[in-house]
Every structure is written in structure tokens, then in C-alpha cells.
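Novice: Have a look at the structure that comes next, please.
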Amino acid sequence: MRVIGLTGGIATGKSTVSNLFKANGFPVVDADVVARDVLKKGTGGWRKVVAAFGEEILLENGEVDRPKLGQIVFTDPSKRQLLNRLLASYISYGILWEVFKLWIKGCNTIILDVPLLFEAKMDRWTNPIIVVWVDPETQLKRLMERDRTSAQDAQNRINAQMPLDEKRSKADIVIDNNGSLEDLNENFRKILDQVTKPLTWTEFWLSRQGAIVAVVSIFSGVLGCKKLVARL
């Protein structure tokens with residue numbers, strides 16, 4: 001099975017690329033969706049976060065006020081690190097569970113959409129790694145326009161993440177998204193051949209089909225050995 005890592009930075013267009021993969025029939029495991037699930041009221045992640053940050057981060061219905069929590073952690077690196085430590089195991093388990101369900105279904109290629117792919121060390125599970133990149137000025141401008149926030153608040157959120165140029169240096173494939181949506185669609189089409197090439201033997205043996213072939217081969221080998229021994 002081929003697990004493709006997709007990452008980028010805030011306001012780089014990673015979600016747009018993720019949607020392009022979905023539109024082209026690729027199953028996508030979205031870490032943001034998993035993260036929302038592990039913070040739902042009553043879950044283990046919810047209890048740990050409320051214990052650490054207090055009930056003032058809750059809405060009236062008891063759910064976590066995500067924008068409020070985000071504002072707290074984006075302005076305080078120590079609290080951001082605390083939140084990451086509290087939720088890391090829950091998010092990792094959730095992602096692995098989603099990947100496993102797609103493996104059971106027989107999916108040969110999966111897109112792992114993880115904003116903190118490198119920070120969470122999940123890049124070691126993926127190949128190739130795709131980074132959606134824009135220059136700093138474009139990133140700041142788009143974030144300010146998208147969230148209607150000040151330049152300082154937007155820059156704080158950008159600074160809370162690994163620099164895009166560092167992510168770019170670790171990538172196997174870089175999608176430059178400084179241009180228009182049409183440019184992005186064109187750049188996306190150019191990489192499809194790279195991600196749809198036939199599975200390597202290693203990837204095949206990790207797929208459900210490969211596992212079935214391996215089990216059948218082992219079973220047939222055992223039966224063959226029994227028959228051979230019976231003739232002796």
C-alpha cells in the first residue's frame with residue numbers, strides 16, 4: 001500500500017489540494033478531522049485538555065471552543081507544546097485506525113493529510129511526501145484575508161508552525177501555489193503521474209492484496225510440504 005504524505009502550512013492551499021485528490025478518487029485521511037473527533041465532549045482527549053486548560057475553554061454545550069483554544073496556544077509556545085503532548089497519542093491512533101479501515105477495504109493508495117507531518121514524525125510512514133508551498137508574503141496576505149485578522153495575529157499563527165522552506169527541503173514533491181486556482185489545478189495534474197505509478201514490490205506486499213497473496217502462498221506451501229512428507 002502506498003501512503004502519500006500531504007502537508008504544508010496555514011493558508012498555503014493544502015486543503016484545496018486535498019480536495020483535488022478526493023475529486024480524483026483518492027481516499028484521504030484528514031488529520032484535522034481526526035483531531036476534531038478526539039476533542040469531542042466526553043472523550044479522553046477532551047478530559048485531558050479541559051483538565052489542563054480549564055473549563056473556560058468550553059462552550060455552553062460543553063464542547064471545546066476551538067477558536068478560543070487556538071488563540072491561547074498560538075500565542076504561547078509552552079501551551080501549544082502541552083496541547084500537542086496531550087493529544088498526540090489520540091490523534092496518531094485515530095489516523096492509524098482510519099488507514100487500517102482503508103487497508104481492509106483494499107485501497108492501494110491513500111493520501112495522509114497532516115499539517116504537522118514532520119513535527120509529529122509521521123513522515124516516516126509516508127512516501128512520497130508532497131508539500132504545498134507559497135512564499136511568506138503570499139501566505140501572510142492570504143491568511144489575513146481568509147480569517148479577517150491583523151498582520152500580527154496572522155504572523156503569530158504562521159510562526160507557530162515549522163517554516164515552509166524547511167518543509168519544502170524535506171519534500172519529495174513540491175506544489176507551488178503562489179499563482180491562481182487554475183495554476184494550482186495545472187500543477188496538480190502534473191504530479192498525478194508520479195503518485196499513480198505502479199506499486200513497488202514493497203508497497204504491494206503491504207497492501208491487502210499482497211497480504212492475501214502471502215497467506216495463500218504460505219498455506220499452499222504448507223499443504224505441499226505435508227503431501228511431500230506423506231509420500232516419504
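Residues in the C-alpha cells are named by chain (A, B, ... in the order shown) and by number from 1 within that chain; ligands are numbered from 1 in the order shown.
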Could you list, as a PyMOL selection string, every residue within 9 Å of Val17 (chain A), counting only C-alpha atoms and ignoring same-chain residues fewer than 4 positions away?
Specialist: chain A and resi 6+13+21-22+132+184-185+188
Novice: Write out as a ChimeraX atom specification which residues come within 12 Å of region 55-72 of chain A when counting only C-alpha atoms, dropping same-chain ones fewer than 5 positions away.
Specialist: /A:32,35-43,45-50,77-84,147,149,153-154,156-157,160
Novice: Residues as selected, C-alpha atoms, written as a short mmCIF file (atom, residue, chain, number, x, y, z; two decimals), in the first residue's frame, can you do that?
Specialist:
data_model
loop_
_atom_site.label_atom_id
_atom_site.label_comp_id
_atom_site.auth_asym_id
_atom_site.auth_seq_id
_atom_site.Cartn_x
_atom_site.Cartn_y
_atom_site.Cartn_z
CA ASP A 32 -7.77 17.81 11.21
CA ALA A 35 -8.24 15.99 15.78
CA ARG A 36 -11.78 17.32 15.97
CA ASP A 37 -13.06 13.87 16.85
CA VAL A 38 -10.58 13.37 19.71
CA LEU A 39 -11.70 16.70 21.23
CA LYS A 40 -15.40 15.85 21.26
CA LYS A 41 -17.15 16.17 24.59
CA GLY A 42 -16.59 13.19 26.88
CA THR A 43 -13.62 11.69 25.02
CA GLY A 45 -8.67 13.87 24.75
CA TRP A 46 -11.44 16.26 25.83
CA ARG A 47 -10.99 15.34 29.50
CA LYS A 48 -7.23 15.87 29.38
CA VAL A 49 -7.49 19.23 27.62
CA VAL A 50 -10.19 20.53 29.97
CA PRO A 77 4.61 28.14 22.68
CA SER A 78 4.65 26.28 26.03
CA LYS A 79 0.87 25.83 25.97
CA ARG A 80 1.00 24.78 22.33
CA GLN A 81 3.56 22.11 23.18
CA LEU A 82 1.38 20.99 26.11
CA LEU A 83 -1.66 20.63 23.86
CA ASN A 84 0.36 18.64 21.32
CA ASP A 147 -9.54 34.90 8.70
CA THR A 149 -7.25 39.03 11.23
CA ASP A 153 -2.12 37.70 14.77
CA ALA A 154 -1.62 36.11 11.37
CA ASN A 156 1.90 34.60 15.22
CA ARG A 157 -0.03 31.69 13.76
CA ALA A 160 3.82 28.66 15.45
#
Novice: Quick one: distance from CA of Ser18 (chain A) to CA of Phe74 (chain A) in Å, one decimal?
Specialist: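 Going from CA of Ser18 (chain A) over to CA of Phe74 (chain A), I get 24.1 Å.
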Novice: Could you pull out the strand (DSSP E) residues of region 16-162 of chain A, going by DSSP on the backbone, and write them as a PyMOL selection string?
Specialist: chain A and resi 28-30+109-113+129-133
Novice: Neighbouring residues of Ile95 (chain A) were defined as those with any atom within 7 Å, considering only C-alpha atoms; residues of the same chain fewer than 2 positions away were excluded. Please report them as a CSV table (one decimal) with C-alpha atoms, in the first residue's frame.
Specialist:
chain,number,residue,atom,x,y,z
A,29,VAL,CA,-7.2,10.6,5.8
A,31,ALA,CA,-5.7,14.7,10.5
A,34,VAL,CA,-9.4,13.2,13.5
A,91,ILE,CA,-4.5,11.7,17.0
A,92,SER,CA,-1.9,9.1,16.0
A,93,TYR,CA,-4.2,6.2,17.0
A,97,TRP,CA,-7.3,3.4,12.6
A,98,GLU,CA,-8.5,5.3,9.5
A,99,VAL,CA,-5.6,4.0,7.5
Novice: Rounded to one decimal in Å, what is the spacing between CA of Val73 (chain A) and CA of Pro115 (chain A)?
Specialist: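 Rounded to one decimal, the two atoms are 15.8 Å apart.
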